[in-house]
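**Q** mmCIF, C-alpha atoms and all ligand atoms, file structure-v7.cif:
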```cif
data_input
#
loop_
_atom_site.label_atom_id
_atom_site.label_comp_id
_atom_site.auth_asym_id
_atom_site.auth_seq_id
_atom_site.Cartn_x
_atom_site.Cartn_y
_atom_site.Cartn_z
CA MET A 13 -16.23 -16.16 -59.77
CA PRO A 14 -19.16 -18.61 -59.54
CA GLY A 15 -19.77 -17.59 -55.90
CA CYS A 16 -20.47 -14.04 -56.98
CA LEU A 17 -22.79 -15.16 -59.79
CA GLU A 18 -24.83 -17.22 -57.40
CA ALA A 19 -25.32 -14.31 -55.04
CA GLY A 20 -28.65 -13.41 -56.67
CA PRO A 21 -29.76 -10.44 -58.72
CA PRO A 22 -28.85 -6.96 -57.47
CA PRO A 23 -31.68 -4.93 -55.87
CA THR A 24 -32.14 -2.78 -59.00
CA ALA A 25 -32.65 -5.94 -61.09
CA LEU A 26 -35.27 -7.09 -58.57
CA CYS A 27 -37.11 -3.84 -58.96
CA ALA A 28 -36.97 -4.12 -62.76
CA LEU A 29 -38.39 -7.64 -62.43
CA LYS A 30 -41.15 -6.37 -60.18
CA SER A 31 -42.12 -3.58 -62.52
CA SER A 32 -42.14 -5.92 -65.53
CA CYS A 33 -44.81 -7.98 -63.75
CA LEU A 34 -47.18 -5.01 -63.76
CA ASN A 35 -50.01 -5.14 -66.31
CA ARG A 36 -49.72 -2.98 -69.32
CA GLY A 37 -51.48 0.30 -68.86
CA GLN A 38 -50.89 0.28 -65.08
CA THR A 39 -48.87 3.18 -63.75
CA LEU A 40 -45.22 2.21 -63.39
CA VAL A 41 -44.22 2.36 -59.71
CA SER A 42 -40.83 3.92 -59.02
CA PRO A 43 -38.22 1.27 -57.95
CA GLN A 44 -36.71 3.61 -55.32
CA PRO A 45 -38.92 2.67 -52.29
CA ALA A 46 -38.41 -1.07 -52.91
CA VAL A 47 -34.61 -0.60 -53.02
CA SER A 48 -34.58 1.36 -49.79
CA VAL A 49 -36.79 -1.25 -48.04
CA LEU A 50 -34.42 -3.98 -49.21
CA CYS A 51 -31.37 -2.04 -48.04
CA LYS A 52 -32.97 -1.41 -44.65
CA ALA A 53 -33.76 -5.11 -44.31
CA MET A 54 -30.18 -6.01 -45.22
CA TRP A 55 -28.80 -3.65 -42.57
CA LEU A 56 -31.24 -5.07 -40.04
CA TYR A 57 -30.13 -8.64 -40.81
CA LEU A 58 -26.50 -7.59 -40.58
CA ALA A 59 -27.03 -5.85 -37.23
CA ALA A 60 -28.87 -8.92 -35.91
CA LEU A 61 -26.03 -11.17 -37.09
CA VAL A 62 -23.38 -8.99 -35.44
CA GLY A 63 -25.44 -8.87 -32.25
CA LEU A 64 -25.81 -12.65 -32.27
CA CYS A 65 -22.06 -13.17 -32.80
CA TYR A 66 -21.35 -10.75 -29.95
CA LEU A 67 -23.77 -12.60 -27.65
CA LEU A 68 -22.23 -15.96 -28.54
CA CYS A 69 -18.70 -14.63 -27.85
CA TRP A 70 -19.90 -13.08 -24.60
CA TYR A 71 -21.44 -16.40 -23.52
CA ARG A 72 -18.34 -18.38 -24.60
CA GLU A 73 -16.07 -15.98 -22.69
CA ARG A 74 -17.97 -16.58 -19.47
CA GLN A 75 -17.84 -20.38 -19.45
CA VAL A 76 -15.82 -21.39 -16.39
CA VAL A 77 -14.05 -24.72 -15.80
CA SER A 78 -15.62 -26.93 -13.17
CA HIS A 79 -14.26 -27.96 -9.73
CA LEU A 80 -12.17 -24.80 -9.20
CA PRO A 81 -11.67 -25.48 -5.45
CA ASP A 82 -9.84 -28.75 -6.35
CA LYS A 83 -7.35 -27.00 -8.60
CA PHE A 84 -3.78 -26.01 -7.67
CA VAL A 85 -2.17 -22.90 -9.18
CA PHE A 86 1.54 -22.12 -8.78
CA ILE A 87 2.53 -18.43 -9.18
CA THR A 88 6.08 -17.03 -9.21
CA GLY A 89 7.01 -13.55 -7.90
CA CYS A 90 4.23 -13.22 -5.30
CA ASP A 91 6.06 -10.79 -2.97
CA SER A 92 4.51 -7.76 -4.68
CA GLY A 93 2.71 -6.43 -7.77
CA PHE A 94 0.61 -8.61 -10.09
CA GLY A 95 1.76 -11.92 -8.55
CA ASN A 96 0.78 -10.82 -5.06
CA LEU A 97 -2.65 -9.56 -6.14
CA LEU A 98 -3.32 -12.66 -8.25
CA ALA A 99 -2.46 -14.96 -5.33
CA ARG A 100 -4.96 -13.13 -3.10
CA GLN A 101 -7.59 -12.97 -5.86
CA LEU A 102 -7.44 -16.71 -6.64
CA ASP A 103 -7.39 -17.54 -2.94
CA MET A 104 -10.62 -15.56 -2.51
CA ARG A 105 -12.09 -17.46 -5.45
CA GLY A 106 -11.44 -20.72 -3.60
CA LEU A 107 -8.55 -22.16 -5.65
CA LYS A 108 -5.58 -23.83 -3.96
CA VAL A 109 -2.81 -21.27 -4.45
CA LEU A 110 0.85 -22.26 -4.23
CA ALA A 111 2.59 -18.90 -4.04
CA ALA A 112 6.33 -18.61 -4.69
CA CYS A 113 7.98 -15.56 -3.15
CA LEU A 114 11.56 -14.39 -3.55
CA THR A 115 11.85 -13.56 0.15
CA GLU A 116 10.54 -15.17 3.34
CA LYS A 117 9.34 -11.71 4.41
CA GLY A 118 7.12 -11.47 1.30
CA ALA A 119 5.81 -14.99 1.92
CA LYS A 120 4.97 -14.21 5.55
CA GLU A 121 3.11 -11.02 4.64
CA LEU A 122 1.11 -12.84 1.97
CA ARG A 123 0.16 -15.69 4.32
CA ALA A 124 -1.08 -13.12 6.85
CA GLN A 125 -3.52 -11.71 4.27
CA THR A 126 -4.90 -14.97 2.91
CA SER A 127 -6.73 -18.16 3.89
CA ASP A 128 -5.15 -21.42 5.08
CA ARG A 129 -5.61 -22.81 1.57
CA LEU A 130 -2.76 -20.63 0.30
CA GLN A 131 0.72 -22.07 0.85
CA THR A 132 4.02 -20.34 0.16
CA VAL A 133 7.50 -21.39 -0.86
CA THR A 134 10.63 -19.31 -1.42
CA LEU A 135 11.90 -19.38 -4.96
CA ASP A 136 14.65 -17.61 -6.84
CA VAL A 137 14.01 -18.33 -10.52
CA THR A 138 17.66 -17.70 -11.40
CA LYS A 139 18.85 -20.65 -9.29
CA THR A 140 18.46 -24.22 -10.54
CA GLU A 141 18.59 -25.73 -7.04
CA SER A 142 15.87 -23.36 -5.85
CA ILE A 143 13.66 -24.32 -8.83
CA THR A 144 14.28 -28.06 -8.27
CA ALA A 145 13.34 -27.75 -4.60
CA ALA A 146 10.20 -25.74 -5.41
CA ALA A 147 9.15 -28.26 -8.09
CA GLN A 148 9.50 -31.10 -5.57
CA TRP A 149 7.49 -29.08 -3.03
CA VAL A 150 4.72 -28.58 -5.61
CA LYS A 151 4.76 -32.28 -6.55
CA GLU A 152 4.25 -33.30 -2.92
CA ARG A 153 1.23 -31.02 -2.63
CA VAL A 154 -0.59 -31.72 -5.88
CA GLY A 155 -0.09 -35.51 -5.88
CA ASP A 156 -1.90 -37.41 -8.64
CA ARG A 157 -4.15 -34.46 -9.52
CA GLY A 158 -1.27 -32.62 -11.14
CA LEU A 159 -0.84 -28.86 -11.35
CA TRP A 160 -3.75 -27.02 -12.99
CA GLY A 161 -2.06 -23.65 -13.41
CA LEU A 162 1.50 -22.34 -13.69
CA VAL A 163 1.86 -18.56 -13.77
CA ASN A 164 5.34 -17.35 -14.73
CA ASN A 165 5.10 -13.84 -13.34
CA ALA A 166 8.44 -13.08 -11.59
CA GLY A 167 10.37 -10.39 -13.41
CA ILE A 168 12.73 -7.44 -13.09
CA ALA A 169 13.42 -4.30 -15.11
CA GLN A 170 16.34 -1.96 -15.56
CA ALA A 171 16.55 1.69 -16.59
CA SER A 172 15.84 2.11 -20.30
CA THR A 173 19.32 3.28 -21.29
CA PRO A 174 20.85 2.99 -24.77
CA ASN A 175 22.40 -0.45 -25.40
CA GLU A 176 25.83 1.16 -25.70
CA TRP A 177 25.77 2.09 -22.01
CA LEU A 178 25.39 -1.53 -20.91
CA THR A 179 27.63 -4.54 -20.36
CA LYS A 180 26.97 -8.16 -21.25
CA GLN A 181 26.34 -8.79 -17.54
CA ASP A 182 23.47 -6.26 -17.53
CA PHE A 183 21.77 -8.28 -20.27
CA VAL A 184 22.54 -11.59 -18.51
CA ASP A 185 21.05 -10.33 -15.22
CA ILE A 186 17.70 -9.54 -16.75
CA LEU A 187 17.52 -12.49 -19.14
CA ASN A 188 18.25 -14.85 -16.24
CA VAL A 189 15.10 -13.78 -14.42
CA ASN A 190 12.68 -12.77 -17.18
CA LEU A 191 13.44 -15.42 -19.78
CA LEU A 192 15.66 -18.28 -18.56
CA GLY A 193 13.77 -18.29 -15.24
CA VAL A 194 10.47 -18.68 -17.12
CA ILE A 195 11.91 -21.50 -19.24
CA GLU A 196 13.48 -23.45 -16.38
CA VAL A 197 10.44 -23.18 -14.09
CA THR A 198 8.20 -24.31 -16.97
CA LEU A 199 10.39 -27.28 -17.87
CA SER A 200 10.51 -28.38 -14.23
CA LEU A 201 6.74 -28.24 -13.73
CA LEU A 202 5.58 -29.36 -17.17
CA PRO A 203 4.99 -33.04 -16.22
CA LEU A 204 2.65 -31.91 -13.43
CA VAL A 205 0.77 -29.47 -15.68
CA ARG A 206 0.39 -32.15 -18.37
CA LYS A 207 -1.03 -34.53 -15.77
CA ALA A 208 -3.79 -32.02 -14.96
CA ARG A 209 -4.27 -30.97 -18.62
CA GLY A 210 -3.86 -27.51 -17.18
CA ARG A 211 -2.70 -24.05 -18.15
CA VAL A 212 0.58 -22.18 -18.48
CA VAL A 213 0.27 -18.40 -18.18
CA ASN A 214 3.37 -16.44 -19.10
CA VAL A 215 3.67 -12.77 -18.23
CA SER A 216 5.21 -10.91 -21.12
CA SER A 217 4.63 -7.21 -21.85
CA VAL A 218 3.64 -4.89 -24.68
CA MET A 219 7.42 -4.44 -24.86
CA GLY A 220 7.42 -8.02 -26.12
CA ARG A 221 5.51 -6.72 -29.16
CA VAL A 222 7.37 -3.50 -29.88
CA SER A 223 10.91 -2.82 -28.67
CA LEU A 224 11.01 0.85 -27.67
CA PHE A 225 14.17 0.99 -25.56
CA GLY A 226 17.56 -0.62 -25.16
CA GLY A 227 18.70 -3.19 -22.62
CA GLY A 228 17.57 -6.71 -21.84
CA TYR A 229 13.94 -6.08 -20.89
CA CYS A 230 12.37 -5.99 -24.38
CA ILE A 231 14.65 -8.83 -25.51
CA SER A 232 13.52 -10.94 -22.56
CA LYS A 233 9.84 -10.30 -23.31
CA TYR A 234 10.26 -11.04 -27.03
CA GLY A 235 11.82 -14.30 -25.83
CA VAL A 236 8.84 -15.06 -23.59
CA GLU A 237 6.54 -14.52 -26.59
CA ALA A 238 8.58 -16.88 -28.77
CA PHE A 239 8.87 -19.53 -26.05
CA SER A 240 5.11 -19.35 -25.39
CA ASP A 241 4.23 -19.72 -29.08
CA SER A 242 6.23 -22.91 -29.55
CA LEU A 243 5.10 -24.27 -26.18
CA ARG A 244 1.43 -23.63 -27.01
CA ARG A 245 1.64 -25.68 -30.20
CA GLU A 246 3.57 -28.54 -28.56
CA LEU A 247 1.28 -28.78 -25.54
CA SER A 248 -1.95 -28.59 -27.52
CA TYR A 249 -1.50 -32.35 -28.16
CA PHE A 250 -1.92 -32.95 -24.42
CA GLY A 251 -4.84 -30.61 -23.77
CA VAL A 252 -2.61 -28.02 -22.08
CA LYS A 253 -3.34 -24.38 -22.97
CA VAL A 254 -0.74 -21.61 -22.98
CA ALA A 255 -1.69 -17.93 -22.61
CA VAL A 256 0.47 -14.81 -22.77
CA ILE A 257 -0.33 -11.69 -20.73
CA GLU A 258 0.87 -8.42 -22.30
CA PRO A 259 0.36 -5.56 -19.84
CA GLY A 260 0.97 -1.93 -20.69
CA PHE A 261 2.59 0.24 -18.00
CA PHE A 262 1.34 -0.18 -14.42
CA ASN A 263 2.40 1.32 -11.13
CA THR A 264 4.36 -1.45 -9.39
CA SER A 265 7.84 -1.71 -7.89
CA ILE A 266 9.23 -2.66 -11.31
CA THR A 267 8.23 0.78 -12.70
CA ASN A 268 9.24 2.75 -9.59
CA SER A 269 10.71 5.94 -11.08
CA GLU A 270 13.11 6.67 -8.19
CA ARG A 271 14.66 3.20 -8.55
CA LEU A 272 14.83 3.50 -12.34
CA MET A 273 16.41 6.98 -12.11
CA GLN A 274 19.01 5.68 -9.70
CA SER A 275 19.79 2.79 -12.05
CA PHE A 276 20.00 5.27 -14.98
CA GLN A 277 22.44 7.46 -13.04
CA GLU A 278 24.59 4.43 -12.08
CA LYS A 279 24.86 3.39 -15.72
CA TRP A 280 25.81 6.96 -16.68
CA ASP A 281 28.43 7.27 -13.93
CA ARG A 282 30.36 4.23 -15.13
CA LEU A 283 30.52 5.38 -18.80
CA SER A 284 33.82 6.40 -20.35
CA LEU A 285 34.40 10.12 -20.88
CA GLU A 286 34.17 9.60 -24.65
CA VAL A 287 30.67 8.07 -24.48
CA LYS A 288 29.54 10.70 -21.96
CA GLN A 289 30.59 13.44 -24.39
CA ILE A 290 28.83 11.72 -27.29
CA TYR A 291 25.52 11.60 -25.41
CA GLY A 292 25.87 14.72 -23.25
CA GLU A 293 24.33 15.75 -19.92
CA LYS A 294 21.22 17.08 -21.74
CA PHE A 295 20.42 13.56 -22.98
CA LEU A 296 20.72 12.21 -19.43
CA ALA A 297 18.52 15.00 -18.01
CA SER A 298 15.78 14.57 -20.63
CA HIS A 299 15.61 10.79 -20.05
CA MET A 300 15.44 11.30 -16.27
CA LYS A 301 12.67 13.87 -16.80
CA ARG A 302 10.75 11.45 -19.01
CA LEU A 303 10.70 8.87 -16.21
CA VAL A 304 9.04 11.42 -13.92
CA VAL A 305 6.65 12.78 -16.57
CA LEU A 306 5.44 9.33 -17.60
CA LYS A 307 4.83 8.04 -14.08
CA PRO A 308 1.33 9.56 -13.61
CA LEU A 309 0.28 7.88 -16.86
CA PHE A 310 0.97 4.40 -15.48
CA SER A 311 -2.22 2.62 -14.46
CA GLN A 312 -2.93 2.09 -10.74
CA ASP A 313 -5.49 -0.63 -11.36
CA LEU A 314 -3.49 -3.86 -11.23
CA SER A 315 -6.71 -5.88 -11.43
CA LEU A 316 -6.81 -5.12 -15.17
CA VAL A 317 -3.87 -7.51 -15.42
CA THR A 318 -4.83 -10.03 -12.75
CA ASN A 319 -8.35 -10.35 -14.22
CA CYS A 320 -6.74 -11.41 -17.52
CA MET A 321 -4.58 -13.94 -15.63
CA GLU A 322 -7.64 -15.24 -13.80
CA HIS A 323 -9.54 -15.61 -17.07
CA ALA A 324 -6.62 -17.50 -18.61
CA LEU A 325 -6.69 -19.91 -15.65
CA THR A 326 -10.41 -20.37 -15.10
CA ALA A 327 -12.20 -19.88 -18.43
CA CYS A 328 -13.11 -22.88 -20.57
CA HIS A 329 -11.90 -20.94 -23.61
CA PRO A 330 -8.88 -18.85 -22.59
CA HIS A 331 -7.38 -16.39 -25.07
CA THR A 332 -3.93 -16.92 -26.51
CA ARG A 333 -2.94 -13.33 -25.74
CA TYR A 334 -4.33 -10.74 -23.35
CA SER A 335 -3.55 -7.01 -23.68
CA ALA A 336 -4.08 -5.33 -20.33
CA GLY A 337 -4.40 -1.57 -19.91
CA TRP A 338 -5.59 1.26 -22.18
CA ASP A 339 -2.05 2.07 -23.33
CA ALA A 340 -1.47 -1.53 -24.43
CA LYS A 341 -4.77 -1.70 -26.31
CA LEU A 342 -4.83 1.76 -27.87
CA LEU A 343 -1.18 2.65 -28.32
CA TYR A 344 1.46 -0.08 -28.15
CA LEU A 345 -0.44 -2.94 -29.76
CA PRO A 346 -1.61 -0.88 -32.78
CA MET A 347 1.96 0.51 -32.94
CA SER A 348 3.34 -3.03 -33.19
CA TYR A 349 1.36 -3.53 -36.41
CA LEU A 350 2.66 -0.33 -38.04
CA PRO A 351 5.42 -0.48 -40.66
CA THR A 352 8.82 -0.32 -38.93
CA PHE A 353 9.83 2.94 -40.62
CA LEU A 354 6.81 4.69 -39.08
CA VAL A 355 7.62 3.42 -35.57
CA ASP A 356 11.25 4.49 -36.07
CA ALA A 357 10.17 7.96 -37.21
CA TRP A 358 7.79 8.29 -34.27
CA MET A 359 10.49 7.33 -31.75
CA TYR A 360 13.04 9.63 -33.45
CA TRP A 361 10.58 12.51 -33.21
CA LEU A 362 9.72 11.79 -29.54
CA SER A 363 13.17 11.28 -28.04
CA SER A 364 15.95 13.80 -27.62
CA GLY A 365 18.99 12.53 -29.45
CA PRO A 366 22.61 12.37 -28.30
CA ALA A 367 24.61 15.61 -28.19
CA LYS A 368 26.84 14.51 -31.07
CA ALA A 369 24.07 13.18 -33.29
CA LEU A 370 24.62 13.90 -37.00
N1 LIG B 1 4.41 -3.17 -13.99
C1 LIG B 1 4.38 -3.08 -15.30
O1 LIG B 1 4.19 -1.99 -15.84
C2 LIG B 1 4.58 -4.30 -16.14
C3 LIG B 1 4.29 -4.20 -17.50
C4 LIG B 1 4.45 -5.30 -18.30
C5 LIG B 1 4.88 -6.49 -17.76
N2 LIG B 1 5.17 -6.57 -16.44
C6 LIG B 1 5.63 -7.85 -15.94
O2 LIG B 1 4.81 -8.28 -14.87
C7 LIG B 1 5.54 -9.17 -14.04
C8 LIG B 1 5.34 -8.78 -12.60
O3 LIG B 1 5.90 -7.50 -12.40
P1 LIG B 1 5.25 -6.41 -11.44
O4 LIG B 1 4.94 -5.23 -12.26
O5 LIG B 1 4.19 -7.00 -10.60
O6 LIG B 1 6.52 -5.98 -10.57
P2 LIG B 1 6.97 -6.41 -9.10
O7 LIG B 1 6.00 -5.89 -8.11
O8 LIG B 1 8.38 -5.99 -8.95
O9 LIG B 1 6.86 -7.99 -9.12
C9 LIG B 1 7.89 -8.81 -9.57
C10 LIG B 1 8.03 -9.94 -8.61
O10 LIG B 1 9.09 -10.81 -9.04
C11 LIG B 1 9.92 -11.08 -7.92
N3 LIG B 1 11.26 -11.43 -8.35
C12 LIG B 1 12.27 -10.62 -8.75
N4 LIG B 1 13.37 -11.34 -9.02
C13 LIG B 1 13.05 -12.63 -8.78
C14 LIG B 1 13.76 -13.84 -8.85
N5 LIG B 1 15.04 -13.88 -9.22
N6 LIG B 1 13.13 -14.99 -8.52
C15 LIG B 1 11.84 -14.97 -8.12
N7 LIG B 1 11.11 -13.86 -8.02
C16 LIG B 1 11.72 -12.69 -8.34
C17 LIG B 1 9.89 -9.81 -7.11
O11 LIG B 1 10.28 -10.04 -5.77
P3 LIG B 1 10.71 -8.79 -4.85
O12 LIG B 1 9.50 -7.92 -4.73
O13 LIG B 1 11.10 -9.40 -3.56
O14 LIG B 1 11.83 -8.12 -5.57
C18 LIG B 1 8.42 -9.46 -7.22
O15 LIG B 1 7.65 -10.16 -6.30
C19 LIG B 1 6.99 -9.10 -14.52
O16 LIG B 1 7.27 -10.21 -15.31
C20 LIG B 1 7.02 -7.83 -15.36
O17 LIG B 1 8.01 -7.87 -16.36
C21 LIG B 1 5.03 -5.50 -15.62
#
```
Represent the structure from my file as structure tokens, please.
Ligand SMILES: NC(=O)c1ccc[n+]([C@@H]2O[C@H](COP(=O)([O-])OP(=O)(O)OC[C@H]3O[C@@H](n4cnc5c(N)ncnc54)[C@H](OP(=O)(O)O)[C@@H]3O)[C@@H](O)[C@H]2O)c1
**A**
Amino acid sequence: MPGCLEAGPPPTALCALKSSCLNRGQTLVSPQPAVSVLCKAMWLYLAALVGLCYLLCWYRERQVVSHLPDKFVFITGCDSGFGNLLARQLDMRGLKVLAACLTEKGAKELRAQTSDRLQTVTLDVTKTESITAAAQWVKERVGDRGLWGLVNNAGIAQASTPNEWLTKQDFVDILNVNLLGVIEVTLSLLPLVRKARGRVVNVSSVMGRVSLFGGGYCISKYGVEAFSDSLRRELSYFGVKVAVIEPGFFNTSITNSERLMQSFQEKWDRLSLEVKQIYGEKFLASHMKRLVVLKPLFSQDLSLVTNCMEHALTACHPHTRYSAGWDAKLLYLPMSYLPTFLVDAWMYWLSSGPAKAL
């Protein structure tokens, strides 16, 4: 290890050297104070280095791209939730927002709350003809400047039932919006984003890092993560940056507990008698209760997510991934790095099992 040999003599050796330089007959000074001074100096240098790195990162984080008012950003799913707040936030910041809403009602309400810069279009991300029309609409507006930002935000969720309770169609329904919708919208707008050397921001979830319940939602978000990773590498050749937003749980219509409980009940009602007996009414009741108990823990502050989206769109050095919310940062993300057997044990311990579990 030549690197280690070149690192210089250890502090005790330095002290020995110092003391050997003393004249014979002089009182030998204890090496202890010199060692402690050296250690203190080392800690001081280290603290200064860490502080400097932190300052540099802080400065780098705050570098903003120029000419923001000339830039167009297209956002899907702007009727409510994160998409709606982001559209209003970017509009206030002076960007040219092209907001796609699922319904004309949502579009009208958004227009009423924003400046004339913001324009809306209706878009259903599950329909190819709707995507083609929206892409043409965007092209007409951005012209030669291209599209600076594409935010794939539209999404749906279903009750977190066991996979066995679901049909193929349940999976198709969610994958069509959350994954295939993201892919088709991206492919349709990619030439315009490349022209502007812009940004693609895909909304995933912490459930795209750790799959804690059955159904298509986690699968769709794992898919968004995989799609974003390959896209990021491919588009880096053209100066396009791809960021993934991974929110924890937030209070929006997607996490509305009444709607999720209703969906849970519907899935239960259509089960065969055999499956109902295997799981039991107690299983159903405890899962329903969990939806109610967890609700107050969901964050109300949607800006934690939209600020990450805004950073991904406006910063000179956007991150590849953004974890939004305390639960994402402190619970789900660390959990995703744990060995699988520990996560399995944790989930086993937390959830009430089926009535006929072994
Ligand atoms: N809230 C959370 O805890 C959370 C956590 C992690 C990730 N996310 C993700 O964040 C994104 C936004 O969700 P949100 O929480 O803001 O919920 P939200 O308020 O329900 O927003 C979702 C938006 O997508 C729209 N939408 C639904 N189906 C669509 C379709 N086929 N085509 C186009 N738009 C469609 C919805 O329109 P309507 O309102 O008209 O139905 C709504 O505007 C989603 O991708 C979601 O998976 C949310």
**Q** Give as number ranges by chain the set of residues within 12 Å of the point (1.1, 1.4, -32.7), where distances use the file's coordinates and all atoms listed in the file.
**A** A: 218-219, 221-224, 339-356, 358-359
**Q** With all atoms listed in the file as the basis for distance, which of A:Val194, A:Leu159, A:Leu107, A:Leu178 is at the shortest distance from A:Gly89?
**A**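 The answer is A:Val194, which sits nearest to A:Gly89.
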**Q** Kindly work out which residues sit at most 6 Å from ligand LIG 1 (chain B), using all atoms listed in the file, and give the list as an mmCIF file with C-alpha atoms, keeping the file's coordinate frame.
**A**
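Contents of the output file part_16.cif:
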```cif
data_model
loop_
_atom_site.group_PDB
_atom_site.id
_atom_site.type_symbol
_atom_site.label_atom_id
_atom_site.label_comp_id
_atom_site.auth_asym_id
_atom_site.auth_seq_id
_atom_site.Cartn_x
_atom_site.Cartn_y
_atom_site.Cartn_z
ATOM 1 C CA GLY A 89 7.010 -13.550 -7.900
ATOM 2 C CA CYS A 90 4.230 -13.220 -5.300
ATOM 3 C CA ASP A 91 6.060 -10.790 -2.970
ATOM 4 C CA SER A 92 4.510 -7.760 -4.680
ATOM 5 C CA GLY A 93 2.710 -6.430 -7.770
ATOM 6 C CA PHE A 94 0.610 -8.610 -10.090
ATOM 7 C CA GLY A 95 1.760 -11.920 -8.550
ATOM 8 C CA LEU A 114 11.560 -14.390 -3.550
ATOM 9 C CA THR A 115 11.850 -13.560 0.150
ATOM 10 C CA LEU A 135 11.900 -19.380 -4.960
ATOM 11 C CA ASP A 136 14.650 -17.610 -6.840
ATOM 12 C CA VAL A 137 14.010 -18.330 -10.520
ATOM 13 C CA THR A 138 17.660 -17.700 -11.400
ATOM 14 C CA ASN A 165 5.100 -13.840 -13.340
ATOM 15 C CA ALA A 166 8.440 -13.080 -11.590
ATOM 16 C CA GLY A 167 10.370 -10.390 -13.410
ATOM 17 C CA ILE A 168 12.730 -7.440 -13.090
ATOM 18 C CA VAL A 189 15.100 -13.780 -14.420
ATOM 19 C CA VAL A 215 3.670 -12.770 -18.230
ATOM 20 C CA SER A 216 5.210 -10.910 -21.120
ATOM 21 C CA SER A 217 4.630 -7.210 -21.850
ATOM 22 C CA PRO A 259 0.360 -5.560 -19.840
ATOM 23 C CA GLY A 260 0.970 -1.930 -20.690
ATOM 24 C CA PHE A 261 2.590 0.240 -18.000
ATOM 25 C CA PHE A 262 1.340 -0.180 -14.420
ATOM 26 C CA ASN A 263 2.400 1.320 -11.130
ATOM 27 C CA THR A 264 4.360 -1.450 -9.390
ATOM 28 C CA SER A 265 7.840 -1.710 -7.890
ATOM 29 C CA ILE A 266 9.230 -2.660 -11.310
ATOM 30 C CA THR A 267 8.230 0.780 -12.700
#
```
**Q** At a cut-off of 9 Å, using all atoms listed in the file, what residues contact A:Trp177? Leave out same-chain residues fewer than 5 positions from it and give the result as a list in words.
**A**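 The residues satisfying every condition are Gly227, Lys279, Trp280, Arg282, Leu283 and Val287 of chain A.
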**Q** Atom CA of A:Phe239 and atom CA of A:Glu196, how far apart in Å?
**A**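 Straight-line distance from atom CA of A:Glu196 to atom CA of A:Phe239 works out to 11.4 Å.
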**Q** My list of candidates is A:Arg271, A:His79, A:Arg100, A:Lys288. Which is closest to A:Ser172 when distances are computed with all atoms listed in the file?
**A**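 Using all atoms listed in the file, A:Ser172 sits closest to A:Arg271.
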**Q** Just how far from atom CA of A:Ser269 is atom CA of A:Phe310, in Å to one decimal?
**A** 10.8 Å
**Q** Could you state the separation of atom CA of A:Asp103 and atom CA of A:Arg129 in Å, given to one decimal place?
**A** 7.2 Å
**Q** Can you tell me which residues surround A:Gly161 at a distance of at most 12 Å, considering only C-alpha atoms, apart from same-chain residues fewer than 4 positions away, and format the answer as a PyMOL selection string?
**A** chain A and resi 80+82-88+99+102+107-111+150+154+157+198+201-202+204-214+252-255+321-327
**Q** Given the selection you just returned, output its residues as a file containing C-alpha atoms, formatted as a short mmCIF file (atom, residue, chain, number, x, y, z; two decimals), keeping the file's coordinate frame.
**A**
```cif
data_model
loop_
_atom_site.label_atom_id
_atom_site.label_comp_id
_atom_site.auth_asym_id
_atom_site.auth_seq_id
_atom_site.Cartn_x
_atom_site.Cartn_y
_atom_site.Cartn_z
CA LEU A 80 -12.17 -24.80 -9.20
CA ASP A 82 -9.84 -28.75 -6.35
CA LYS A 83 -7.35 -27.00 -8.60
CA PHE A 84 -3.78 -26.01 -7.67
CA VAL A 85 -2.17 -22.90 -9.18
CA PHE A 86 1.54 -22.12 -8.78
CA ILE A 87 2.53 -18.43 -9.18
CA THR A 88 6.08 -17.03 -9.21
CA ALA A 99 -2.46 -14.96 -5.33
CA LEU A 102 -7.44 -16.71 -6.64
CA LEU A 107 -8.55 -22.16 -5.65
CA LYS A 108 -5.58 -23.83 -3.96
CA VAL A 109 -2.81 -21.27 -4.45
CA LEU A 110 0.85 -22.26 -4.23
CA ALA A 111 2.59 -18.90 -4.04
CA VAL A 150 4.72 -28.58 -5.61
CA VAL A 154 -0.59 -31.72 -5.88
CA ARG A 157 -4.15 -34.46 -9.52
CA THR A 198 8.20 -24.31 -16.97
CA LEU A 201 6.74 -28.24 -13.73
CA LEU A 202 5.58 -29.36 -17.17
CA LEU A 204 2.65 -31.91 -13.43
CA VAL A 205 0.77 -29.47 -15.68
CA ARG A 206 0.39 -32.15 -18.37
CA LYS A 207 -1.03 -34.53 -15.77
CA ALA A 208 -3.79 -32.02 -14.96
CA ARG A 209 -4.27 -30.97 -18.62
CA GLY A 210 -3.86 -27.51 -17.18
CA ARG A 211 -2.70 -24.05 -18.15
CA VAL A 212 0.58 -22.18 -18.48
CA VAL A 213 0.27 -18.40 -18.18
CA ASN A 214 3.37 -16.44 -19.10
CA VAL A 252 -2.61 -28.02 -22.08
CA LYS A 253 -3.34 -24.38 -22.97
CA VAL A 254 -0.74 -21.61 -22.98
CA ALA A 255 -1.69 -17.93 -22.61
CA MET A 321 -4.58 -13.94 -15.63
CA GLU A 322 -7.64 -15.24 -13.80
CA HIS A 323 -9.54 -15.61 -17.07
CA ALA A 324 -6.62 -17.50 -18.61
CA LEU A 325 -6.69 -19.91 -15.65
CA THR A 326 -10.41 -20.37 -15.10
CA ALA A 327 -12.20 -19.88 -18.43
#
```
